[in-house]
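Reading through the structure tokens given below for one structure.
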There are 2 protein chains.
Amino acid sequence: MNYENILKNVGKHISLDKIEIDYFVSLLTHKEISKNKLILKEGQPCRYINYVIKGALRAYSFDMKGKENSIMFAIDDWWITDIHGFVKEKAAIMNVESIEDSTIFQLQKTDLDKLYDKVPRFEKFFRILMQNSYIREQLRTRQILTEPAEERYHSFTKKYPLFVQHIPLKFIASYLGVTPQFLSVIRKRKGHN
Amino acid sequence: MNYENILKNVGKHISLDKIEIDYFVSLLTHKEISKNKLILKEGQPCRYINYVIKGALRAYSFDMKGKENSIMFAIDDWWITDIHGFVKEKAAIMNVESIEDSTIFQLQKTDLDKLYDKVPRFEKFFRILMQNSYIREQLRTRQILTEPAEERYHSFTKKYPLFVQHIPLKFIASYLGVTPQFLSVIRKRKGHN
DNA sequence: CGCGACGTTGATTTGCCTCAACGATTGTGG
DNA sequence: CCACAATCGTTGAGGCAAATCAACGTCGCG
């Protein structure tokens, strides 16, 4: 198994010795997922946080009219889960599915709690991860409330160029809060790639 | 000085011994703020995270048309700062002002870093704080994208009844992403309190 | 090869905004 | 402590960004 990516990711914020590394990787479960597989279903317990080695995942939920709302995407070297269900040990309020064939590591909530105890430095790592997620989400909220759809789309393509390559238009539309039809119109307006 | 509230708040997630408590409170600066005072200004360095003992604060920014956008509110026992500016030690991208006469404690970034070193358990505390903030913000995004203004308003009043008592309508409007005029219309529609 | 999903295009509708005007409350300086 | 100005919430008319509804070409996949 190749732990290089995930260890490099952790290493961005904390340093670990050999023993700690071994313990950490012993908690990881490797998983291959083919395209369009649900790995978390609304209403089910959310036991895992997922680290994407390769591929693309998407978290989404349904609104009361049954329309899908994309909550986040995760490609190489992103963490993804239903954070609410995961940390509060409640039923998931969102779905997570693969957009492509993907390779991930899963870390179980119970194991993460053990990890916090044995290697408290992981508290720092996940504090920083949560901080950054919070900051990102706050910025997103601000953009939704203050910017028209066209600018939101261009900010998105600029900020996440890799997402644009991996993620179908309709999912990006539901992430930005517009219909695929309207996003199609927006695209046409400025520079046709 | 009365540290009861803030210690109780910290105590919700971690336990501290006497020495740790003394060290922690030694890092806090007490501050009385009169109504309508800016305690953080966009463009300035954001050195403090603030804990509200009593009163009400608001974080907001301006969009490109110069309109205010309320990012968050904080009344008794809430933490508030420009989280981006604070953790990345960058210039603030938002303003924080008092809505009422308020009493707060301030904790400086440099002191928080020392606190993390001396009492690593605070990593856990702020991890949980960041987690909850992330979850809250994610839910907010979802509501903005899927619910019409009227439902967003009713969710808000239900979730934060205390905010409704302290915070003027126009700020709630800009938090929900509607104009004060339209929120006024919404209010009239259902139950006239 | 044929079906279903995807992106596109156009016509119509709508939720919310803008602009404008008006009482009621707040707060402020004389 | 009063008078006047400023701010706040409200109401109404008209307008716009984006949604909805519908139809069509294209492409990937079984």
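Lettering and numbering for the structure tokens are positional, with chains as A, B, ... in the shown order, residues counted from 1 in each chain, and ligands counted from 1 in the shown order.
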
Apply DSSP to the backbone of this structure and, from stretch 7-56 of chain B, keep only the residues in alpha helix (DSSP H); write these as a list in words.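 The alpha helix (DSSP H) subset of stretch 7-56 of chain B is Leu7, Lys8, Asn9, Val10, Gly11, Lys18, Ile19, Glu20, Ile21, Asp22, Tyr23, Phe24, Val25 and Ser26 of chain B.
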
Suppose we keep N, CA and C atoms; can you now write the selection as a short mmCIF file (atom, residue, chain, number, x, y, z; two decimals), in the first residue's frame?
data_model
loop_
_atom_site.label_atom_id
_atom_site.label_comp_id
_atom_site.auth_asym_id
_atom_site.auth_seq_id
_atom_site.Cartn_x
_atom_site.Cartn_y
_atom_site.Cartn_z
N LEU B 7 -14.76 29.91 31.48
CA LEU B 7 -14.22 28.62 31.96
C LEU B 7 -15.26 27.52 31.81
N LYS B 8 -16.49 27.89 32.02
CA LYS B 8 -17.56 26.91 31.83
C LYS B 8 -17.63 26.52 30.35
N ASN B 9 -17.45 27.52 29.49
CA ASN B 9 -17.47 27.26 28.05
C ASN B 9 -16.35 26.31 27.64
N VAL B 10 -15.16 26.59 28.11
CA VAL B 10 -14.02 25.72 27.81
C VAL B 10 -14.25 24.33 28.42
N GLY B 11 -14.81 24.34 29.63
CA GLY B 11 -15.05 23.09 30.34
C GLY B 11 -16.05 22.17 29.67
N LYS B 18 -5.91 23.39 38.04
CA LYS B 18 -5.79 24.75 38.56
C LYS B 18 -4.71 25.57 37.83
N ILE B 19 -3.56 24.95 37.65
CA ILE B 19 -2.43 25.66 37.03
C ILE B 19 -2.75 26.05 35.59
N GLU B 20 -3.38 25.12 34.89
CA GLU B 20 -3.74 25.39 33.49
C GLU B 20 -4.77 26.51 33.40
N ILE B 21 -5.71 26.47 34.32
CA ILE B 21 -6.72 27.53 34.36
C ILE B 21 -6.07 28.89 34.58
N ASP B 22 -5.17 28.93 35.56
CA ASP B 22 -4.50 30.19 35.86
C ASP B 22 -3.73 30.71 34.65
N TYR B 23 -3.06 29.79 33.99
CA TYR B 23 -2.31 30.21 32.80
C TYR B 23 -3.25 30.73 31.72
N PHE B 24 -4.29 29.99 31.48
CA PHE B 24 -5.26 30.39 30.46
C PHE B 24 -5.82 31.79 30.74
N VAL B 25 -6.31 32.00 31.95
CA VAL B 25 -6.95 33.29 32.22
C VAL B 25 -5.93 34.43 32.21
N SER B 26 -4.68 34.09 32.48
CA SER B 26 -3.64 35.14 32.44
C SER B 26 -3.46 35.68 31.03
#

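The interface of chain D with chain B at 9 Å, considering only C-alpha atoms (C1' of nucleotides), consists of DC8, DG9, DT10 and DT11 of chain D.
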
List every residue of chain A that DSSP, applied to the backbone of this structure, assigns to strand (DSSP E or B), and report them as a PDB file with C-alpha atoms, in the first residue's frame.
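Contents of the output file part.pdb:
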ATOM      1  CA  LEU A  28      -6.390   3.293   7.572  1.00  0.00           C
ATOM      2  CA  THR A  29      -8.482   1.080   5.352  1.00  0.00           C
ATOM      3  CA  HIS A  30      -7.710   1.089   1.674  1.00  0.00           C
ATOM      4  CA  LYS A  31     -10.646   1.019  -0.717  1.00  0.00           C
ATOM      5  CA  GLU A  32     -11.152   0.939  -4.458  1.00  0.00           C
ATOM      6  CA  ILE A  33     -14.446   2.380  -5.624  1.00  0.00           C
ATOM      7  CA  LEU A  38     -22.627   5.510  -3.067  1.00  0.00           C
ATOM      8  CA  ILE A  39     -20.189   5.231  -0.178  1.00  0.00           C
ATOM      9  CA  LEU A  40     -22.442   7.044   2.278  1.00  0.00           C
ATOM     10  CA  PRO A  45     -24.590   6.118  10.334  1.00  0.00           C
ATOM     11  CA  TYR A  48     -15.752   7.113   8.191  1.00  0.00           C
ATOM     12  CA  ILE A  49     -13.796  10.096   7.107  1.00  0.00           C
ATOM     13  CA  ASN A  50     -12.346   9.528   3.639  1.00  0.00           C
ATOM     14  CA  TYR A  51      -9.072  10.619   2.123  1.00  0.00           C
ATOM     15  CA  VAL A  52      -8.946  10.576  -1.666  1.00  0.00           C
ATOM     16  CA  ILE A  53      -5.780   9.156  -3.179  1.00  0.00           C
ATOM     17  CA  LYS A  54      -7.056   9.218  -6.715  1.00  0.00           C
ATOM     18  CA  LEU A  57     -16.046  12.114  -4.898  1.00  0.00           C
ATOM     19  CA  ARG A  58     -19.046  14.312  -4.292  1.00  0.00           C
ATOM     20  CA  ALA A  59     -21.210  15.001  -1.251  1.00  0.00           C
ATOM     21  CA  TYR A  60     -24.782  16.035  -1.901  1.00  0.00           C
ATOM     22  CA  SER A  61     -28.250  16.160  -0.415  1.00  0.00           C
ATOM     23  CA  PHE A  62     -31.781  16.577  -1.658  1.00  0.00           C
ATOM     24  CA  GLU A  68     -29.872  17.578  -5.659  1.00  0.00           C
ATOM     25  CA  ASN A  69     -27.597  20.060  -3.964  1.00  0.00           C
ATOM     26  CA  SER A  70     -23.849  19.454  -4.216  1.00  0.00           C
ATOM     27  CA  ILE A  71     -22.229  20.227  -0.892  1.00  0.00           C
ATOM     28  CA  MET A  72     -18.584  19.544  -1.670  1.00  0.00           C
ATOM     29  CA  PHE A  73     -16.244  17.772  -4.025  1.00  0.00           C
ATOM     30  CA  ALA A  74     -13.045  15.902  -3.264  1.00  0.00           C
ATOM     31  CA  TRP A  79     -10.666  14.776   2.923  1.00  0.00           C
ATOM     32  CA  ILE A  80     -14.401  14.235   2.669  1.00  0.00           C
ATOM     33  CA  ALA A  91     -27.275   9.578  10.934  1.00  0.00           C
ATOM     34  CA  ASN A  95     -24.852  11.274   0.436  1.00  0.00           C
ATOM     35  CA  VAL A  96     -21.301  10.711  -0.756  1.00  0.00           C
ATOM     36  CA  GLU A  97     -20.695   9.101  -4.132  1.00  0.00           C
ATOM     37  CA  SER A  98     -17.838   8.539  -6.538  1.00  0.00           C
ATOM     38  CA  SER A 102     -11.457   6.212  -7.115  1.00  0.00           C
ATOM     39  CA  THR A 103      -8.927   5.065  -4.573  1.00  0.00           C
ATOM     40  CA  ILE A 104      -9.441   6.184  -1.000  1.00  0.00           C
ATOM     41  CA  PHE A 105      -8.355   5.590   2.563  1.00  0.00           C
ATOM     42  CA  GLN A 106     -10.998   5.398   5.238  1.00  0.00           C
ATOM     43  CA  LEU A 107     -10.482   6.294   8.880  1.00  0.00           C
ATOM     44  CA  GLN A 108     -13.119   5.196  11.343  1.00  0.00           C
TER      45      GLN A 108
END

Under the rule of at most 7 Å, produce a per-residue listing of chain A near chain B: chain, number, name, the closest pair of atoms, and the distance in Å, as CSV, using only C-alpha atoms.
residue,atom,partner,partner_atom,distance
A:Asp63,CA,B:Thr146,CA,5.9
A:Ile83,CA,B:Ile135,CA,6.8
A:His84,CA,B:Ile135,CA,6.0
A:Glu123,CA,B:Lys124,CA,5.5
A:Lys124,CA,B:Glu123,CA,5.5
A:Phe126,CA,B:Arg127,CA,6.6
A:Arg127,CA,B:Arg127,CA,4.0
A:Met130,CA,B:Gln131,CA,5.4
A:Gln131,CA,B:Met130,CA,5.4
A:Ser133,CA,B:Tyr134,CA,6.4
A:Tyr134,CA,B:Tyr134,CA,4.3
A:Ile135,CA,B:His84,CA,6.0
A:Glu137,CA,B:Glu137,CA,6.2
A:Gln138,CA,B:Glu137,CA,6.3
A:Thr141,CA,B:Thr141,CA,5.6
A:Leu145,CA,B:Gly177,CA,5.5
A:Thr146,CA,B:Asp63,CA,5.9
A:Gly177,CA,B:Leu145,CA,5.5

Atom CA of B:Ala92 sits from atom CA of B:Gly66 at a separation of 16.9 Å

Quick one: everything within 12 Å of D:DC27, counting only C-alpha atoms (C1' of nucleotides), minus sequence neighbours fewer than 3 positions away in the same chain. Send it as a list in words.
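Near neighbours after the sequence-gap exclusion: DC3, DG4, DA5, DC6 and DG7 of chain C.
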
For chain C, list the residues within 12 Å of chain B, counting only C-alpha atoms (C1' of nucleotides), and write the list as a ChimeraX atom specification.
/C:15-19
